[in-house]
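Data from upload26.csv: CSV, N, CA, C and O atoms
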```csv
chain,number,residue,atom,x,y,z
V,1,MET,N,0.8,-1.2,0.0
V,1,MET,CA,0.0,0.0,0.0
V,1,MET,C,0.9,1.3,0.0
V,1,MET,O,1.7,1.4,0.9
V,2,GLU,N,0.7,2.1,-1.0
V,2,GLU,CA,1.5,3.3,-1.1
V,2,GLU,C,0.8,4.4,-0.4
V,2,GLU,O,-0.4,4.6,-0.6
V,3,LEU,N,1.5,5.1,0.5
V,3,LEU,CA,0.9,6.2,1.2
V,3,LEU,C,1.3,7.6,0.6
V,3,LEU,O,2.5,7.8,0.3
V,4,THR,N,0.3,8.4,0.2
V,4,THR,CA,0.6,9.7,-0.4
V,4,THR,C,0.0,10.7,0.5
V,4,THR,O,-1.0,10.6,1.1
V,5,VAL,N,0.8,11.8,0.6
V,5,VAL,CA,0.4,12.9,1.5
V,5,VAL,C,-0.1,14.1,0.5
V,5,VAL,O,0.6,14.4,-0.5
V,6,ASP,N,-1.2,14.7,0.8
V,6,ASP,CA,-1.7,15.8,0.0
V,6,ASP,C,-0.8,17.0,0.2
V,6,ASP,O,-0.6,17.5,1.3
V,7,VAL,N,-0.1,17.4,-0.9
V,7,VAL,CA,0.8,18.5,-0.8
V,7,VAL,C,0.1,19.8,-0.4
V,7,VAL,O,0.7,20.7,0.2
V,8,GLU,N,-1.2,19.9,-0.8
V,8,GLU,CA,-1.9,21.2,-0.4
V,8,GLU,C,-2.1,21.2,1.1
V,8,GLU,O,-2.1,22.3,1.7
V,9,GLU,N,-2.3,20.1,1.7
V,9,GLU,CA,-2.5,20.0,3.2
V,9,GLU,C,-1.2,20.4,3.8
V,9,GLU,O,-1.2,21.2,4.8
V,10,LEU,N,-0.1,19.9,3.3
V,10,LEU,CA,1.2,20.3,3.9
V,10,LEU,C,1.5,21.8,3.7
V,10,LEU,O,2.0,22.5,4.5
V,11,ARG,N,1.1,22.3,2.5
V,11,ARG,CA,1.3,23.7,2.2
V,11,ARG,C,0.5,24.6,3.3
V,11,ARG,O,1.0,25.6,3.8
V,12,THR,N,-0.7,24.1,3.6
V,12,THR,CA,-1.5,24.8,4.6
V,12,THR,C,-0.8,24.8,6.0
V,12,THR,O,-0.7,25.8,6.7
V,13,ILE,N,-0.3,23.6,6.4
V,13,ILE,CA,0.4,23.5,7.6
V,13,ILE,C,1.6,24.4,7.7
V,13,ILE,O,1.8,25.1,8.7
V,14,VAL,N,2.4,24.4,6.7
V,14,VAL,CA,3.6,25.3,6.6
V,14,VAL,C,3.2,26.7,6.6
V,14,VAL,O,3.7,27.5,7.4
V,15,ALA,N,2.2,27.1,5.8
V,15,ALA,CA,1.8,28.5,5.8
V,15,ALA,C,1.3,29.0,7.1
V,15,ALA,O,1.6,30.1,7.6
V,16,LEU,N,0.4,28.2,7.8
V,16,LEU,CA,-0.1,28.5,9.1
V,16,LEU,C,1.1,28.7,10.1
V,16,LEU,O,1.1,29.7,10.9
V,17,SER,N,2.1,27.8,10.1
V,17,SER,CA,3.2,27.9,11.0
V,17,SER,C,4.1,29.1,10.7
V,17,SER,O,4.7,29.7,11.6
V,18,LEU,N,4.2,29.5,9.5
V,18,LEU,CA,5.0,30.7,9.1
V,18,LEU,C,4.2,32.0,9.0
V,18,LEU,O,4.8,33.0,8.7
V,19,GLU,N,2.9,31.9,9.3
V,19,GLU,CA,2.0,33.0,9.2
V,19,GLU,C,2.1,33.7,7.8
V,19,GLU,O,2.2,34.9,7.7
V,20,LEU,N,1.9,32.8,6.8
V,20,LEU,CA,1.9,33.2,5.4
V,20,LEU,C,0.6,32.8,4.8
V,20,LEU,O,-0.1,31.9,5.3
V,21,GLU,N,0.2,33.3,3.7
V,21,GLU,CA,-0.9,32.8,2.9
V,21,GLU,C,-0.4,31.6,2.1
V,21,GLU,O,0.8,31.4,1.8
V,22,THR,N,-1.3,30.6,1.9
V,22,THR,CA,-0.9,29.4,1.3
V,22,THR,C,-0.3,29.6,-0.1
V,22,THR,O,0.7,28.9,-0.5
V,23,GLU,N,-0.7,30.6,-0.8
V,23,GLU,CA,-0.2,30.9,-2.1
V,23,GLU,C,1.3,31.4,-2.1
V,23,GLU,O,2.0,31.3,-3.1
V,24,GLU,N,1.8,31.8,-0.9
V,24,GLU,CA,3.1,32.2,-0.7
V,24,GLU,C,4.1,31.1,-0.5
V,24,GLU,O,5.3,31.3,-0.5
V,25,VAL,N,3.6,29.9,-0.4
V,25,VAL,CA,4.5,28.7,-0.1
V,25,VAL,C,4.5,27.9,-1.4
V,25,VAL,O,3.6,27.1,-1.7
V,26,GLY,N,5.6,28.0,-2.2
V,26,GLY,CA,5.7,27.3,-3.4
V,26,GLY,C,6.3,25.9,-3.2
V,26,GLY,O,7.0,25.7,-2.1
V,27,ASP,N,6.1,25.0,-4.1
V,27,ASP,CA,6.7,23.6,-3.9
V,27,ASP,C,8.2,23.6,-3.7
V,27,ASP,O,8.7,22.8,-3.0
V,28,SER,N,8.9,24.5,-4.4
V,28,SER,CA,10.4,24.5,-4.4
V,28,SER,C,11.0,25.7,-3.6
V,28,SER,O,12.2,25.8,-3.6
V,29,ASP,N,10.1,26.5,-3.0
V,29,ASP,CA,10.6,27.6,-2.2
V,29,ASP,C,11.5,27.0,-1.0
V,29,ASP,O,11.0,26.2,-0.3
V,30,HIS,N,12.7,27.6,-0.9
V,30,HIS,CA,13.6,27.1,0.2
V,30,HIS,C,13.0,27.7,1.5
V,30,HIS,O,12.8,28.9,1.6
V,31,PHE,N,12.8,26.8,2.5
V,31,PHE,CA,12.2,27.2,3.7
V,31,PHE,C,13.0,28.3,4.4
V,31,PHE,O,12.4,29.3,4.8
V,32,ALA,N,14.3,28.1,4.6
V,32,ALA,CA,15.1,29.1,5.3
V,32,ALA,C,15.3,30.4,4.5
V,32,ALA,O,15.2,31.5,5.0
V,33,GLU,N,15.8,30.2,3.2
V,33,GLU,CA,16.2,31.3,2.4
V,33,GLU,C,15.0,32.1,1.9
V,33,GLU,O,15.0,33.3,1.9
V,34,ASP,N,14.0,31.4,1.3
V,34,ASP,CA,12.9,32.1,0.7
V,34,ASP,C,11.8,32.5,1.6
V,34,ASP,O,11.1,33.5,1.5
V,35,LEU,N,11.5,31.6,2.6
V,35,LEU,CA,10.4,31.8,3.5
V,35,LEU,C,10.8,32.2,4.9
V,35,LEU,O,9.9,32.4,5.8
V,36,GLU,N,12.1,32.3,5.1
V,36,GLU,CA,12.6,32.8,6.4
V,36,GLU,C,12.2,32.0,7.6
V,36,GLU,O,11.8,32.5,8.7
V,37,MET,N,12.1,30.7,7.4
V,37,MET,CA,11.7,29.8,8.5
V,37,MET,C,12.9,29.7,9.5
V,37,MET,O,14.0,29.5,9.2
V,38,ASP,N,12.5,29.8,10.8
V,38,ASP,CA,13.5,29.7,11.9
V,38,ASP,C,13.2,28.5,12.8
V,38,ASP,O,12.3,27.7,12.5
V,39,SER,N,14.0,28.3,13.8
V,39,SER,CA,13.9,27.1,14.6
V,39,SER,C,12.5,27.0,15.3
V,39,SER,O,12.0,25.9,15.5
V,40,LEU,N,12.0,28.1,15.7
V,40,LEU,CA,10.7,28.0,16.4
V,40,LEU,C,9.6,27.6,15.4
V,40,LEU,O,8.6,26.9,15.8
V,41,MET,N,9.7,28.0,14.2
V,41,MET,CA,8.8,27.6,13.1
V,41,MET,C,8.9,26.1,12.8
V,41,MET,O,7.9,25.5,12.6
V,42,VAL,N,10.1,25.6,12.9
V,42,VAL,CA,10.4,24.2,12.7
V,42,VAL,C,9.6,23.4,13.8
V,42,VAL,O,9.0,22.4,13.5
V,43,LEU,N,9.7,23.9,15.0
V,43,LEU,CA,9.0,23.2,16.1
V,43,LEU,C,7.5,23.2,15.9
V,43,LEU,O,6.8,22.2,16.1
V,44,GLU,N,7.0,24.3,15.4
V,44,GLU,CA,5.5,24.5,15.1
V,44,GLU,C,5.1,23.5,14.0
V,44,GLU,O,4.1,22.8,14.2
V,45,ILE,N,5.9,23.4,13.0
V,45,ILE,CA,5.5,22.5,11.9
V,45,ILE,C,5.6,21.1,12.3
V,45,ILE,O,4.7,20.3,12.0
V,46,SER,N,6.6,20.7,13.1
V,46,SER,CA,6.8,19.4,13.6
V,46,SER,C,5.5,19.0,14.5
V,46,SER,O,5.0,17.9,14.3
V,47,SER,N,5.1,19.9,15.3
V,47,SER,CA,4.0,19.7,16.2
V,47,SER,C,2.7,19.5,15.4
V,47,SER,O,1.9,18.6,15.6
V,48,ARG,N,2.5,20.3,14.4
V,48,ARG,CA,1.3,20.2,13.6
V,48,ARG,C,1.3,18.9,12.8
V,48,ARG,O,0.3,18.3,12.6
V,49,LEU,N,2.5,18.5,12.3
V,49,LEU,CA,2.5,17.3,11.5
V,49,LEU,C,2.2,16.1,12.4
V,49,LEU,O,1.5,15.1,12.0
V,50,GLU,N,2.8,16.1,13.6
V,50,GLU,CA,2.5,15.0,14.6
V,50,GLU,C,1.0,14.9,14.9
V,50,GLU,O,0.5,13.8,14.9
V,51,GLN,N,0.4,16.0,15.1
V,51,GLN,CA,-1.0,16.1,15.4
V,51,GLN,C,-1.9,15.6,14.2
V,51,GLN,O,-2.8,14.8,14.4
V,52,ARG,N,-1.5,16.0,13.0
V,52,ARG,CA,-2.3,15.7,11.8
V,52,ARG,C,-2.2,14.3,11.4
V,52,ARG,O,-3.1,13.6,11.1
V,53,TYR,N,-0.9,13.8,11.4
V,53,TYR,CA,-0.7,12.4,10.9
V,53,TYR,C,-0.5,11.3,11.9
V,53,TYR,O,-0.4,10.2,11.6
V,54,GLY,N,-0.4,11.7,13.2
V,54,GLY,CA,-0.3,10.8,14.3
V,54,GLY,C,1.0,10.0,14.2
V,54,GLY,O,1.1,8.8,14.6
V,55,ILE,N,2.1,10.7,13.8
V,55,ILE,CA,3.4,10.1,13.7
V,55,ILE,C,4.4,10.9,14.5
V,55,ILE,O,4.3,12.1,14.6
V,56,PRO,N,5.3,10.2,15.2
V,56,PRO,CA,6.4,10.9,15.8
V,56,PRO,C,7.4,11.5,14.7
V,56,PRO,O,7.7,10.8,13.8
V,57,ILE,N,7.7,12.7,14.9
V,57,ILE,CA,8.6,13.4,13.9
V,57,ILE,C,9.6,14.2,14.7
V,57,ILE,O,9.2,15.0,15.5
V,58,GLN,N,10.9,14.0,14.4
V,58,GLN,CA,11.9,14.8,15.0
V,58,GLN,C,12.0,16.2,14.4
V,58,GLN,O,11.9,16.4,13.2
V,59,ASP,N,12.2,17.2,15.3
V,59,ASP,CA,12.4,18.6,14.8
V,59,ASP,C,13.6,18.6,13.8
V,59,ASP,O,13.5,19.4,12.8
V,60,THR,N,14.6,17.9,14.1
V,60,THR,CA,15.8,17.9,13.2
V,60,THR,C,15.5,17.4,11.8
V,60,THR,O,16.0,17.8,10.9
V,61,SER,N,14.5,16.4,11.7
V,61,SER,CA,14.1,15.9,10.4
V,61,SER,C,13.4,17.0,9.6
V,61,SER,O,13.7,17.2,8.4
V,62,VAL,N,12.5,17.7,10.3
V,62,VAL,CA,11.8,18.8,9.6
V,62,VAL,C,12.9,19.9,9.2
V,62,VAL,O,12.8,20.5,8.2
V,63,GLY,N,13.8,20.2,10.1
V,63,GLY,CA,14.8,21.2,9.9
V,63,GLY,C,15.7,20.9,8.8
V,63,GLY,O,16.4,21.8,8.2
V,64,SER,N,15.9,19.6,8.5
V,64,SER,CA,16.8,19.2,7.4
V,64,SER,C,16.2,19.3,6.0
V,64,SER,O,17.0,19.2,5.0
V,65,VAL,N,14.9,19.4,5.9
V,65,VAL,CA,14.3,19.5,4.6
V,65,VAL,C,14.3,20.9,4.1
V,65,VAL,O,14.2,21.8,4.9
V,66,GLN,N,14.4,21.1,2.8
V,66,GLN,CA,14.6,22.5,2.3
V,66,GLN,C,13.4,23.1,1.7
V,66,GLN,O,13.3,24.3,1.5
V,67,ASN,N,12.4,22.2,1.3
V,67,ASN,CA,11.2,22.7,0.6
V,67,ASN,C,10.0,21.8,0.8
V,67,ASN,O,10.1,20.8,1.4
V,68,LEU,N,8.9,22.2,0.3
V,68,LEU,CA,7.7,21.5,0.5
V,68,LEU,C,7.7,20.1,-0.1
V,68,LEU,O,7.2,19.1,0.4
V,69,THR,N,8.4,20.0,-1.3
V,69,THR,CA,8.5,18.7,-1.9
V,69,THR,C,9.3,17.7,-1.0
V,69,THR,O,8.8,16.5,-0.9
V,70,GLU,N,10.4,18.1,-0.4
V,70,GLU,CA,11.1,17.3,0.5
V,70,GLU,C,10.4,17.0,1.7
V,70,GLU,O,10.5,15.8,2.3
V,71,LEU,N,9.6,17.9,2.2
V,71,LEU,CA,8.8,17.7,3.4
V,71,LEU,C,7.7,16.6,3.1
V,71,LEU,O,7.5,15.7,3.9
V,72,ARG,N,7.1,16.6,1.9
V,72,ARG,CA,6.1,15.6,1.6
V,72,ARG,C,6.8,14.2,1.5
V,72,ARG,O,6.3,13.2,2.1
V,73,VAL,N,8.0,14.1,1.0
V,73,VAL,CA,8.7,12.8,0.9
V,73,VAL,C,9.0,12.3,2.3
V,73,VAL,O,8.9,11.1,2.7
V,74,LEU,N,9.4,13.2,3.2
V,74,LEU,CA,9.7,12.9,4.6
V,74,LEU,C,8.5,12.3,5.3
V,74,LEU,O,8.5,11.3,5.9
V,75,VAL,N,7.4,13.0,5.2
V,75,VAL,CA,6.2,12.6,5.9
V,75,VAL,C,5.7,11.3,5.3
V,75,VAL,O,5.3,10.4,6.1
V,76,GLU,N,5.8,11.1,4.0
V,76,GLU,CA,5.3,9.8,3.4
V,76,GLU,C,6.2,8.7,3.9
V,76,GLU,O,5.7,7.6,4.2
V,77,SER,N,7.5,8.9,4.0
V,77,SER,CA,8.4,7.8,4.5
V,77,SER,C,8.1,7.5,5.9
V,77,SER,O,8.2,6.3,6.3
V,78,LEU,N,7.8,8.5,6.8
V,78,LEU,CA,7.5,8.2,8.2
V,78,LEU,C,6.2,7.5,8.3
V,78,LEU,O,6.1,6.6,9.1
V,79,LEU,N,5.2,7.8,7.5
V,79,LEU,CA,4.0,7.1,7.5
V,79,LEU,C,4.1,5.7,7.0
V,79,LEU,O,3.5,4.7,7.6
V,80,ALA,N,5.0,5.5,6.0
V,80,ALA,CA,5.3,4.1,5.5
V,80,ALA,C,5.9,3.3,6.6
V,80,ALA,O,5.6,2.1,6.8
V,81,GLU,N,6.9,3.9,7.3
V,81,GLU,CA,7.5,3.2,8.4
V,81,GLU,C,6.5,2.8,9.5
V,81,GLU,O,6.6,1.7,10.0
V,82,GLY,N,5.6,3.7,9.8
V,82,GLY,CA,4.6,3.4,10.8
V,82,GLY,C,3.6,2.3,10.4
V,82,GLY,O,3.2,1.5,11.2
V,83,SER,N,3.3,2.2,9.1
V,83,SER,CA,2.4,1.2,8.7
V,83,SER,C,3.0,-0.2,8.6
V,83,SER,O,2.4,-1.2,8.7
V,84,VAL,N,4.4,-0.3,8.6
V,84,VAL,CA,5.1,-1.5,8.5
V,84,VAL,C,5.2,-2.1,10.0
V,84,VAL,O,5.1,-3.3,10.2
V,85,ALA,N,5.3,-1.2,10.9
V,85,ALA,CA,5.5,-1.6,12.3
V,85,ALA,C,4.3,-2.3,12.9
V,85,ALA,O,3.2,-2.2,12.5
```

Final structure tokens representation of the file:
Amino acid sequence: MELTVDVEELRTIVALSLELETEEVGDSDHFAEDLEMDSLMVLEISSRLEQRYGIPIQDTSVGSVQNLTELRVLVESLLAEGSVA
């Protein structure tokens, strides 16, 4: 079973955490350079992802991704790990 995450849902989570409009978060926008994401915003995104998807997620994992596309891949891989366990 392949798990896919709705990129628009992730875009909304990131936009809410960064206090931006969803249209301001592009698929390839660099979180730190383009969207000015800081460590507190990383914590916020991690918390929202944990609540939404019911998966444990390390702040360092979210901090290591650079854009929305990479974040989707991370969440999908964590969901896949959880479904195997």

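Taking only C-alpha atoms into account, Val14 (chain V) lies nearest to V:Glu44 out of the set V:Glu76, V:Gln58, V:Glu44, V:Arg52.
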
CA of Arg11 (chain V) to CA of Glu81 (chain V) measures 22.3 Å

Within 7 Å of region 28-38 of chain V, counting only C-alpha atoms, which residues show up once you throw out same-chain ones fewer than 5 positions away? Write them as an NGL selection string, please.
:V and (18 or 66-69)

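Among the candidates V:Met41, V:Ala15, V:Leu71, V:Leu79, the one nearest to Ile55 (chain V) when counting all atoms listed in the file is V:Leu79.
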
Can you list every residue in chain V that DSSP puts in alpha helix (DSSP H), as a PyMOL selection string? chain V and resi 7-18+39-53+59-64+68-84

Computed gap from CA of Ile57 (chain V) to atom C of Glu19 (chain V) is 22.2 Å

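A straight line drawn from CA of Leu43 (chain V) to CA of Leu20 (chain V) is 16.3 Å long.
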
Just want the 8 Å neighbourhood of Tyr53 (chain V), counted on only N, CA, C and O atoms, with same-chain residues fewer than 6 positions away dropped. Output as a ChimeraX atom specification. /V:46-47,75,78-79

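Considering all atoms listed in the file, the residue among V:Val65, V:Val5, V:Leu74, V:Ile13 positioned nearest to Ile45 (chain V) is V:Ile13.
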